[in-house]
file final27.txt (compact mmCIF, C-alpha atoms and all ligand atoms)
# COMPACT_ATOMS: atom_id res chain seq x y z
CA MET A 10 0.00 0.00 0.00
CA PRO A 11 1.43 3.40 -0.93
CA ASP A 12 1.55 6.08 1.74
CA THR A 13 -1.43 8.31 1.16
CA LEU A 14 -2.07 11.91 2.04
CA SER A 15 -4.93 13.41 3.95
CA ASN A 16 -4.71 16.69 2.00
CA ASP A 17 -3.98 17.66 -1.60
CA ALA A 18 -0.26 18.40 -1.15
CA PHE A 19 1.81 17.49 -4.20
CA VAL A 20 5.17 17.45 -2.45
CA GLU A 21 5.35 16.64 1.23
CA PHE A 22 8.21 16.26 3.71
CA GLU A 23 7.09 14.74 6.99
CA ARG A 24 9.47 15.01 9.95
CA VAL A 25 12.44 14.35 7.69
CA GLN A 26 15.89 13.89 9.18
CA LYS A 27 19.13 13.14 7.38
CA SER A 28 22.53 12.05 8.60
CA TYR A 29 25.35 11.04 6.25
CA ASP A 30 27.62 9.63 8.95
CA GLY A 31 25.11 8.21 11.43
CA GLU A 32 26.00 10.89 13.98
CA THR A 33 25.37 14.46 12.87
CA LEU A 34 21.97 15.44 11.53
CA VAL A 35 22.36 17.78 8.57
CA VAL A 36 18.57 17.93 8.16
CA LYS A 37 16.94 17.99 11.58
CA ASP A 38 13.17 18.05 11.44
CA LEU A 39 11.83 19.09 8.13
CA ASN A 40 8.14 19.54 7.47
CA LEU A 41 7.00 20.99 4.20
CA SER A 42 3.85 20.79 2.14
CA MET A 43 3.64 22.15 -1.39
CA PRO A 44 0.53 22.40 -3.56
CA LYS A 45 0.73 21.62 -7.27
CA GLY A 46 2.04 24.50 -9.38
CA GLU A 47 3.83 26.26 -6.55
CA PHE A 48 7.27 27.82 -7.07
CA LEU A 49 9.07 27.32 -3.77
CA THR A 50 12.61 28.42 -3.01
CA MET A 51 14.87 26.91 -0.39
CA LEU A 52 17.09 29.78 0.71
CA GLY A 53 19.89 29.56 3.24
CA PRO A 54 23.62 29.79 3.88
CA SER A 55 26.05 27.21 2.56
CA GLY A 56 25.86 23.96 4.50
CA SER A 57 22.31 24.52 5.78
CA GLY A 58 20.99 21.36 4.12
CA LYS A 59 19.30 22.65 0.95
CA THR A 60 21.01 20.38 -1.57
CA THR A 61 20.50 17.39 0.72
CA CYS A 62 16.75 18.07 0.77
CA LEU A 63 16.67 18.34 -3.01
CA MET A 64 18.62 15.09 -3.41
CA MET A 65 16.20 13.29 -1.10
CA LEU A 66 13.25 14.69 -3.05
CA ALA A 67 14.83 13.46 -6.29
CA GLY A 68 15.28 10.06 -4.69
CA PHE A 69 19.10 10.16 -4.97
CA GLU A 70 19.53 10.18 -1.18
CA THR A 71 17.30 8.48 1.33
CA ALA A 72 15.95 10.15 4.46
CA THR A 73 17.34 8.75 7.71
CA HIS A 74 13.94 9.33 9.38
CA GLY A 75 10.58 10.58 8.19
CA LYS A 76 9.11 10.41 4.72
CA ILE A 77 8.91 12.32 1.48
CA LEU A 78 5.78 12.00 -0.60
CA LEU A 79 5.23 12.93 -4.22
CA ASP A 80 1.56 13.16 -5.15
CA GLY A 81 0.78 11.00 -2.15
CA VAL A 82 3.31 8.26 -2.85
CA SER A 83 6.56 7.77 -0.96
CA ILE A 84 9.43 8.78 -3.27
CA ASN A 85 11.33 5.61 -2.38
CA ASN A 86 8.52 3.52 -3.87
CA ILE A 87 8.62 5.27 -7.26
CA PRO A 88 11.28 3.95 -9.66
CA PRO A 89 13.59 6.74 -10.97
CA HIS A 90 12.29 6.75 -14.55
CA LYS A 91 8.71 7.13 -13.31
CA ARG A 92 9.43 10.04 -10.99
CA GLY A 93 8.82 12.63 -13.69
CA ILE A 94 11.29 15.05 -12.12
CA GLY A 95 13.33 17.48 -14.20
CA MET A 96 16.58 18.73 -12.70
CA VAL A 97 18.89 21.67 -13.34
CA PHE A 98 22.18 22.23 -11.52
CA GLN A 99 24.74 24.99 -11.35
CA ASN A 100 27.27 23.01 -13.36
CA TYR A 101 24.92 22.18 -16.18
CA ALA A 102 26.01 18.72 -17.15
CA LEU A 103 25.16 18.72 -20.83
CA PHE A 104 26.65 15.74 -22.66
CA PRO A 105 29.64 17.29 -24.47
CA HIS A 106 29.78 14.75 -27.32
CA MET A 107 26.12 15.25 -28.27
CA THR A 108 24.56 18.13 -30.15
CA ILE A 109 22.08 20.38 -28.36
CA ALA A 110 19.17 18.60 -30.05
CA GLU A 111 20.58 15.19 -29.07
CA ASN A 112 20.99 16.40 -25.48
CA LEU A 113 17.31 17.27 -25.38
CA SER A 114 16.23 14.15 -27.18
CA PHE A 115 17.99 11.91 -24.68
CA PRO A 116 15.48 12.12 -21.79
CA LEU A 117 12.73 11.40 -24.33
CA GLU A 118 14.51 8.33 -25.71
CA VAL A 119 14.92 7.05 -22.15
CA ARG A 120 11.16 7.39 -21.85
CA LYS A 121 10.62 5.45 -25.11
CA ILE A 122 9.02 8.31 -27.01
CA GLY A 123 8.90 7.87 -30.80
CA LYS A 124 11.12 9.78 -33.23
CA SER A 125 8.63 12.24 -34.73
CA GLU A 126 7.18 13.13 -31.34
CA ARG A 127 10.70 13.54 -29.98
CA GLU A 128 11.62 15.96 -32.73
CA ALA A 129 8.51 18.04 -32.14
CA LYS A 130 9.10 18.19 -28.37
CA VAL A 131 12.78 19.10 -28.78
CA LYS A 132 11.91 21.91 -31.15
CA ARG A 133 9.25 23.26 -28.84
CA ALA A 134 11.53 23.14 -25.78
CA LEU A 135 14.38 24.90 -27.62
CA ASP A 136 12.02 27.57 -28.96
CA MET A 137 10.74 28.09 -25.45
CA VAL A 138 14.19 29.19 -24.27
CA GLU A 139 14.89 31.02 -27.53
CA MET A 140 17.54 28.54 -28.63
CA GLY A 141 15.63 27.18 -31.64
CA SER A 142 18.43 27.75 -34.12
CA PHE A 143 21.15 26.10 -32.00
CA GLY A 144 20.02 22.46 -32.18
CA GLY A 145 22.97 21.39 -34.36
CA ARG A 146 25.72 22.85 -32.16
CA ARG A 147 27.68 21.15 -29.43
CA PRO A 148 27.70 22.52 -25.84
CA ALA A 149 31.28 23.83 -26.19
CA GLN A 150 30.10 26.08 -29.01
CA LEU A 151 27.68 27.93 -26.72
CA SER A 152 28.21 30.61 -24.05
CA GLY A 153 27.59 29.77 -20.39
CA GLY A 154 24.21 31.46 -20.47
CA GLN A 155 23.16 29.61 -23.60
CA GLN A 156 24.25 26.29 -22.08
CA GLN A 157 22.20 27.04 -19.01
CA ARG A 158 19.13 27.74 -21.15
CA VAL A 159 19.65 24.41 -22.88
CA ALA A 160 19.94 22.72 -19.49
CA LEU A 161 16.62 24.32 -18.57
CA ALA A 162 15.04 23.18 -21.83
CA ARG A 163 16.35 19.65 -21.24
CA ALA A 164 14.79 19.59 -17.76
CA LEU A 165 11.44 20.67 -19.20
CA VAL A 166 11.37 18.75 -22.47
CA PHE A 167 9.66 15.66 -21.07
CA GLU A 168 7.03 17.82 -19.38
CA PRO A 169 7.85 16.87 -15.82
CA GLU A 170 5.37 17.60 -13.09
CA LEU A 171 8.14 18.65 -10.76
CA VAL A 172 11.35 20.52 -11.51
CA LEU A 173 14.23 20.78 -9.06
CA MET A 174 16.87 23.46 -9.55
CA ASP A 175 20.00 23.77 -7.45
CA GLU A 176 21.67 27.18 -7.80
CA PRO A 177 21.14 27.00 -11.56
CA LEU A 178 22.21 30.60 -12.19
CA GLY A 179 25.19 30.76 -9.83
CA ALA A 180 27.77 30.76 -12.63
CA LEU A 181 26.18 33.50 -14.72
CA ASP A 182 26.89 37.24 -14.70
CA LYS A 183 24.40 39.58 -13.05
CA GLN A 184 22.57 40.77 -16.15
CA LEU A 185 22.04 37.30 -17.58
CA ARG A 186 21.10 35.97 -14.16
CA GLU A 187 18.32 38.53 -13.85
CA LYS A 188 17.02 37.74 -17.32
CA MET A 189 17.05 33.99 -16.59
CA GLN A 190 15.33 34.52 -13.23
CA PHE A 191 12.45 36.10 -15.07
CA GLU A 192 12.41 33.41 -17.79
CA ILE A 193 12.41 30.55 -15.32
CA THR A 194 9.53 31.86 -13.21
CA HIS A 195 7.59 32.80 -16.33
CA LEU A 196 8.06 29.32 -17.84
CA ALA A 197 7.28 27.49 -14.60
CA HIS A 198 4.08 29.44 -14.08
CA SER A 199 2.89 29.30 -17.67
CA LEU A 200 3.48 25.52 -17.86
CA GLY A 201 1.99 24.98 -14.39
CA ILE A 202 5.11 23.15 -13.20
CA THR A 203 5.73 22.65 -9.50
CA THR A 204 9.24 23.93 -8.81
CA VAL A 205 11.67 23.60 -5.93
CA TYR A 206 14.47 26.09 -6.45
CA VAL A 207 17.60 26.29 -4.29
CA THR A 208 19.68 29.44 -3.85
CA HIS A 209 21.75 31.29 -1.26
CA ASP A 210 20.87 34.59 -2.95
CA GLN A 211 18.03 36.29 -1.09
CA THR A 212 17.17 38.72 -3.87
CA GLU A 213 16.76 35.81 -6.25
CA ALA A 214 14.54 34.04 -3.71
CA LEU A 215 12.37 37.09 -3.08
CA THR A 216 11.86 37.98 -6.73
CA MET A 217 11.16 34.49 -8.10
CA SER A 218 9.12 32.62 -5.53
CA ASP A 219 5.57 32.06 -4.45
CA ARG A 220 6.99 31.02 -1.09
CA VAL A 221 10.48 30.95 0.39
CA ALA A 222 11.67 28.43 2.98
CA VAL A 223 14.57 29.96 4.91
CA PHE A 224 17.02 27.25 5.97
CA ASP A 225 19.56 27.39 8.73
CA ASP A 226 21.24 24.58 10.55
CA GLY A 227 19.18 21.82 8.95
CA ARG A 228 15.84 23.40 9.81
CA ILE A 229 13.31 25.62 8.09
CA GLN A 230 13.40 28.80 10.16
CA GLN A 231 10.42 30.33 8.39
CA ILE A 232 8.37 29.56 5.31
CA ASP A 233 6.26 32.35 3.86
CA PRO A 234 5.58 34.41 0.75
CA PRO A 235 8.36 36.96 0.04
CA ASP A 236 6.51 40.01 1.38
CA VAL A 237 5.57 38.30 4.65
CA LEU A 238 9.12 37.06 5.10
CA TYR A 239 10.55 40.52 4.57
CA GLU A 240 8.00 42.41 6.64
CA ASN A 241 7.35 39.88 9.39
CA PRO A 242 10.51 37.91 10.10
CA GLN A 243 9.79 35.53 12.97
CA ASN A 244 13.29 35.37 14.42
CA SER A 245 16.64 37.16 14.40
CA PHE A 246 18.19 34.79 11.87
CA VAL A 247 15.49 35.48 9.28
CA ALA A 248 15.53 39.23 9.96
CA GLN A 249 19.31 39.30 9.36
CA PHE A 250 19.31 36.97 6.39
CA ILE A 251 16.49 38.57 4.40
CA GLY A 252 17.09 42.11 3.23
CA GLU A 253 19.00 44.79 5.03
CA ASN A 254 18.28 45.17 8.70
CA ASN A 255 19.35 47.30 11.65
CA THR A 256 19.85 45.53 14.95
CA LEU A 257 19.86 47.12 18.40
CA GLU A 258 20.40 45.06 21.54
CA GLY A 259 18.57 45.55 24.79
CA THR A 260 16.38 44.14 27.54
CA VAL A 261 12.59 43.90 27.63
CA LYS A 262 11.25 46.19 30.38
CA GLU A 263 7.56 45.55 29.95
CA ILE A 264 5.07 44.02 27.53
CA LYS A 265 1.68 45.68 27.59
CA ASP A 266 -1.19 46.16 25.10
CA GLY A 267 0.78 44.50 22.32
CA ILE A 268 3.80 46.79 22.77
CA ALA A 269 7.17 45.79 24.20
CA LEU A 270 9.06 48.57 25.95
CA VAL A 271 12.75 47.80 25.41
CA GLN A 272 15.68 49.42 27.18
CA LEU A 273 18.63 49.57 24.81
CA ASP A 274 22.07 48.86 26.22
CA ASP A 275 22.91 52.59 26.34
CA GLY A 276 19.84 53.19 28.52
CA GLU A 277 17.42 54.60 25.94
CA LEU A 278 13.84 53.33 25.76
CA ILE A 279 12.00 52.32 22.58
CA ASP A 280 8.61 50.84 21.70
CA CYS A 281 8.57 47.60 19.70
CA THR A 282 6.29 44.87 18.53
CA PRO A 283 6.99 41.77 20.61
CA VAL A 284 7.60 38.90 18.17
CA ASN A 285 9.38 36.16 20.04
CA VAL A 286 9.95 37.77 23.41
CA THR A 287 7.42 37.02 26.12
CA ALA A 288 8.42 38.60 29.43
CA ALA A 289 10.21 41.47 31.14
CA GLY A 290 13.88 40.82 31.80
CA GLU A 291 14.49 38.90 28.54
CA ARG A 292 17.37 39.94 26.30
CA THR A 293 16.31 40.92 22.80
CA LYS A 294 17.64 41.93 19.41
CA VAL A 295 15.44 44.67 18.03
CA SER A 296 15.14 44.80 14.25
CA ILE A 297 14.28 47.87 12.12
CA ARG A 298 14.41 48.05 8.32
CA PRO A 299 16.50 50.98 6.94
CA GLU A 300 13.55 52.36 4.95
CA ARG A 301 11.29 52.52 8.01
CA VAL A 302 13.35 54.93 10.09
CA GLU A 303 11.87 58.41 10.63
CA PHE A 304 13.92 61.50 11.38
CA ASP A 305 11.02 63.92 10.92
CA LYS A 306 9.37 63.91 14.35
CA SER A 307 6.06 65.24 12.98
CA ARG A 308 5.55 61.87 11.27
CA LEU A 309 5.57 60.00 14.57
CA LYS A 310 2.69 59.52 16.98
CA GLU A 311 2.40 61.93 19.92
CA GLY A 312 4.50 60.59 22.82
CA SER A 313 6.54 58.15 20.69
CA HIS A 314 9.97 57.31 22.01
CA THR A 315 12.87 58.60 19.93
CA VAL A 316 16.59 57.86 20.22
CA LYS A 317 19.66 60.03 19.75
CA ALA A 318 21.72 59.51 16.62
CA GLU A 319 24.78 60.99 14.94
CA VAL A 320 25.29 61.02 11.19
CA LEU A 321 28.56 59.28 10.25
CA GLU A 322 28.30 59.04 6.48
CA PHE A 323 26.02 60.11 3.64
CA ILE A 324 26.08 58.10 0.42
CA TYR A 325 24.35 59.32 -2.70
CA MET A 326 23.16 56.28 -4.70
CA GLY A 327 21.06 57.92 -7.41
CA ASP A 328 17.60 56.61 -6.70
CA ILE A 329 18.13 56.47 -2.94
CA PHE A 330 20.21 58.11 -0.23
CA ARG A 331 21.94 55.83 2.20
CA THR A 332 22.94 57.38 5.50
CA ARG A 333 25.01 55.64 8.15
CA LEU A 334 24.36 56.64 11.75
CA ARG A 335 25.62 55.86 15.23
CA VAL A 336 22.61 54.75 17.28
CA ALA A 337 22.87 53.30 20.81
CA GLY A 338 26.50 52.33 20.25
CA ASN A 339 25.85 50.77 16.81
CA ASP A 340 27.95 52.52 14.13
CA GLU A 341 26.39 50.58 11.29
CA PHE A 342 22.83 51.83 11.62
CA ILE A 343 21.56 52.48 8.08
CA VAL A 344 18.76 54.76 6.98
CA LYS A 345 17.52 54.68 3.40
CA THR A 346 15.54 57.52 1.92
CA ARG A 347 14.14 58.00 -1.54
CA ASN A 348 15.72 60.69 -3.71
CA ALA A 349 12.50 62.68 -3.77
CA PRO A 350 12.13 66.45 -4.33
CA ASN A 351 13.14 68.28 -1.12
CA GLN A 352 14.49 65.12 0.49
CA VAL A 353 16.86 66.02 3.33
CA ARG A 354 20.53 65.14 2.83
CA LEU A 355 21.96 64.49 6.28
CA GLU A 356 25.47 65.87 6.75
CA PRO A 357 28.10 63.87 8.65
CA GLY A 358 28.46 65.23 12.19
CA THR A 359 24.77 66.15 12.50
CA GLN A 360 23.14 65.16 15.80
CA LEU A 361 19.47 64.24 15.56
CA GLU A 362 16.60 62.26 17.03
CA ILE A 363 15.23 59.31 15.11
CA GLY A 364 12.19 57.14 15.64
CA TRP A 365 9.81 54.71 13.97
CA GLN A 366 6.33 53.27 14.21
CA PRO A 367 6.30 50.51 16.85
CA GLU A 368 4.94 48.05 14.24
CA ASP A 369 8.13 48.57 12.18
CA CYS A 370 10.38 47.73 15.10
CA ARG A 371 10.41 44.06 16.04
CA ALA A 372 11.68 42.62 19.30
CA LEU A 373 13.25 39.26 18.40
CA ASP A 374 15.29 36.58 20.15
CA ALA A 375 18.73 37.71 21.34
N1 LIG S 1 27.47 13.26 0.39
C1 LIG S 1 27.75 13.81 1.59
N2 LIG S 1 28.42 13.10 2.54
C2 LIG S 1 28.67 13.65 3.75
N3 LIG S 1 28.30 14.88 4.13
C3 LIG S 1 27.62 15.63 3.24
C4 LIG S 1 27.32 15.12 1.92
N4 LIG S 1 26.62 16.10 1.26
C5 LIG S 1 26.53 17.14 2.12
N5 LIG S 1 27.11 16.87 3.30
C6 LIG S 1 27.15 17.76 4.50
O1 LIG S 1 25.81 18.05 4.86
C7 LIG S 1 25.65 19.42 5.25
C8 LIG S 1 24.60 20.06 4.38
O2 LIG S 1 25.08 20.13 3.05
P1 LIG S 1 24.22 20.60 1.82
O3 LIG S 1 22.92 19.89 1.85
O4 LIG S 1 25.06 20.43 0.61
O5 LIG S 1 23.99 22.13 2.17
P2 LIG S 1 23.67 23.37 1.20
O6 LIG S 1 23.18 22.87 -0.11
O7 LIG S 1 22.64 24.16 1.98
O8 LIG S 1 24.95 24.15 1.08
C9 LIG S 1 27.03 20.04 5.12
O9 LIG S 1 27.61 20.05 6.40
C10 LIG S 1 27.77 19.12 4.18
O10 LIG S 1 29.13 19.13 4.45
MG MG S 2 23.99 23.18 -2.04
call {"tool": "encode", "arguments": {"input": "final27.txt", "output": "structure tokens", "more": "lines below"}}
Ligand SMILES: Nc1ncnc2c1ncn2[C@@H]1O[C@H](COP(=O)(O)OP(=O)(O)O)[C@@H](O)[C@H]1O
Ligand SMILES: [Mg+2]
result
Amino acid sequence: MPDTLSNDAFVEFERVQKSYDGETLVVKDLNLSMPKGEFLTMLGPSGSGKTTCLMMLAGFETATHGKILLDGVSINNIPPHKRGIGMVFQNYALFPHMTIAENLSFPLEVRKIGKSEREAKVKRALDMVEMGSFGGRRPAQLSGGQQQRVALARALVFEPELVLMDEPLGALDKQLREKMQFEITHLAHSLGITTVYVTHDQTEALTMSDRVAVFDDGRIQQIDPPDVLYENPQNSFVAQFIGENNTLEGTVKEIKDGIALVQLDDGELIDCTPVNVTAAGERTKVSIRPERVEFDKSRLKEGSHTVKAEVLEFIYMGDIFRTRLRVAGNDEFIVKTRNAPNQVRLEPGTQLEIGWQPEDCRALDA
């Protein structure tokens, strides 16, 4: 009897653990449920267990504990050629001795698809990545970006239900990477393919995904759509890892009416939203995004706490101004403002008071 699901998840990890050596767990307790058609990114630092999870999902590694289900069936019970999984890796392993068309034809031959149908599918897949006129070339005759598009076409040519991509754009330059990011998400969504995408690049994760699973230390720290992840990080790791973030350390003085009063280590008091602090006396790292800092007091609520700051550096970046301040002993406190008409340019040496809305200031674990 195959393992069956109680819901309509297409990919499911249930309490998955993985150890390579029988001692250390590199994946600790992974639970994940993906609906069909979702584009999910596993984002995290090197060594956090992303590739291991992808390899287990592909059936190339087995979970030490727990189970992984694909459309309700345990992946270990599906023979490799029936898994219907397309894969793309950073070091696109195209077969060097075959032409581009032969490279794409190969997964179809393995699946016993007839010649005329193969030719039609290969043509369609190459056209899809705008490589239609390159079928006769060999991989060495293409640029890195072109090879990566072929690798993508090869992963899609047999119309897999699930595509796994492990840092597929890591070797490309910035401009091409951004173009491919757009092409991949566009293709995945228009073909209705369920995608698990791995990257350590947070911008890539935020711009491409329906949901992002942030990995650290073999665990998913948070899994949410990009905007929720950025605006409501649930712990200090996620707040630091996603986007730019200012951190101030202090101690919770009081939690009342949904507001945490925090005393910073230099003695100043600020109002925060308590996220994962629960009681007075707890140490906390307070997190504020650089674009949410106010230095115009009239924009703050009556009676809001403000803190003293000194301008250390002003950087003109064209579309935005980036100002570095010293705040409560932190010399790396960044404020970003839009280059709007009449926008203030803060001069180094200026002393000022800054503040923020309590909902933009999150008291997290220390
Ligand atoms: N085949 C393997 N044998 C032993 N240890 C491995 C193997 N693959 C990965 N690891 C270890 O497992 C941990 C997670 O690795 P990996 O899944 O590759 O992380 P990521 O893809 O997030 O960088 C790392 O500590 C890595 O050294
Ligand atoms: Mg990896």
call {"tool": "closest_residue", "arguments": {"input": "final27.txt", "among": "A:Thr208, A:Thr73, A:Gln190, A:Asn40", "to": "ligand MG 2 (chain S)", "atoms": "only C-alpha atoms and all ligand atoms"}}
result
A:Thr208
call {"tool": "residues_near_ligand", "arguments": {"input": "final27.txt", "ligand": "ligand LIG 1 (chain S)", "cutoff": "9 Å", "atoms": "all atoms listed in the file", "output": "ChimeraX atom specification"}}
result
/A:27-30,33-36,51-64,70,175-176,207-209,224-227
call {"tool": "write_last_selection", "arguments": {"input": "final27.txt", "atoms": "C-alpha atoms", "output": "mmCIF file, in the coordinates of the input"}}
result
data_model
loop_
_atom_site.group_PDB
_atom_site.id
_atom_site.type_symbol
_atom_site.label_atom_id
_atom_site.label_comp_id
_atom_site.auth_asym_id
_atom_site.auth_seq_id
_atom_site.Cartn_x
_atom_site.Cartn_y
_atom_site.Cartn_z
ATOM 1 C CA LYS A 27 19.130 13.140 7.380
ATOM 2 C CA SER A 28 22.530 12.050 8.600
ATOM 3 C CA TYR A 29 25.350 11.040 6.250
ATOM 4 C CA ASP A 30 27.620 9.630 8.950
ATOM 5 C CA THR A 33 25.370 14.460 12.870
ATOM 6 C CA LEU A 34 21.970 15.440 11.530
ATOM 7 C CA VAL A 35 22.360 17.780 8.570
ATOM 8 C CA VAL A 36 18.570 17.930 8.160
ATOM 9 C CA MET A 51 14.870 26.910 -0.390
ATOM 10 C CA LEU A 52 17.090 29.780 0.710
ATOM 11 C CA GLY A 53 19.890 29.560 3.240
ATOM 12 C CA PRO A 54 23.620 29.790 3.880
ATOM 13 C CA SER A 55 26.050 27.210 2.560
ATOM 14 C CA GLY A 56 25.860 23.960 4.500
ATOM 15 C CA SER A 57 22.310 24.520 5.780
ATOM 16 C CA GLY A 58 20.990 21.360 4.120
ATOM 17 C CA LYS A 59 19.300 22.650 0.950
ATOM 18 C CA THR A 60 21.010 20.380 -1.570
ATOM 19 C CA THR A 61 20.500 17.390 0.720
ATOM 20 C CA CYS A 62 16.750 18.070 0.770
ATOM 21 C CA LEU A 63 16.670 18.340 -3.010
ATOM 22 C CA MET A 64 18.620 15.090 -3.410
ATOM 23 C CA GLU A 70 19.530 10.180 -1.180
ATOM 24 C CA ASP A 175 20.000 23.770 -7.450
ATOM 25 C CA GLU A 176 21.670 27.180 -7.800
ATOM 26 C CA VAL A 207 17.600 26.290 -4.290
ATOM 27 C CA THR A 208 19.680 29.440 -3.850
ATOM 28 C CA HIS A 209 21.750 31.290 -1.260
ATOM 29 C CA PHE A 224 17.020 27.250 5.970
ATOM 30 C CA ASP A 225 19.560 27.390 8.730
ATOM 31 C CA ASP A 226 21.240 24.580 10.550
ATOM 32 C CA GLY A 227 19.180 21.820 8.950
#
call {"tool": "closest_residue", "arguments": {"input": "final27.txt", "among": "A:Tyr206, A:Glu139, A:Leu113, A:Glu187", "to": "ligand MG 2 (chain S)", "atoms": "only C-alpha atoms and all ligand atoms"}}
result
A:Tyr206
call {"tool": "closest_residue", "arguments": {"input": "final27.txt", "among": "A:Ser114, A:Gly179, A:Gln157, A:Leu39", "to": "ligand MG 2 (chain S)", "atoms": "only C-alpha atoms and all ligand atoms"}}
result
A:Gly179
call {"tool": "residues_around", "arguments": {"input": "final27.txt", "residues": "A:Pro242", "least_positions_apart": "2", "cutoff": "10 Å", "atoms": "only C-alpha atoms", "output": "list in words"}}
result
Gln230, Gln231, Ile232, Asp233, Asp236, Val237, Leu238, Tyr239, Glu240, Asn244, Ser245, Phe246, Val247, Ala248, Gln249, Phe250, Ile251, Val284, Ser296, Arg371 and Leu373 of chain A
call {"tool": "closest_residue", "arguments": {"input": "final27.txt", "among": "A:Gly144, A:Pro357, A:Pro177, A:Gly75", "to": "ligand MG 2 (chain S)", "atoms": "all atoms listed in the file"}}
result
A:Pro177
call {"tool": "closest_residue", "arguments": {"input": "final27.txt", "among": "A:Pro44, A:Gly358, A:Pro283, A:Gly259", "to": "A:Thr203", "atoms": "only C-alpha atoms"}}
result
A:Pro44
call {"tool": "closest_residue", "arguments": {"input": "final27.txt", "among": "A:Phe98, A:Lys124, A:Leu117, A:Met217", "to": "ligand MG 2 (chain S)", "atoms": "only C-alpha atoms and all ligand atoms"}}
result
A:Phe98
call {"tool": "atom_distance", "arguments": {"input": "final27.txt", "atom1": "atom CA of A:Met137", "atom2": "atom CA of A:Glu168"}}
result
12.5 Å
call {"tool": "atom_distance", "arguments": {"input": "final27.txt", "atom1": "atom CA of A:Glu319", "atom2": "atom CA of A:Thr332"}}
result
10.3 Å
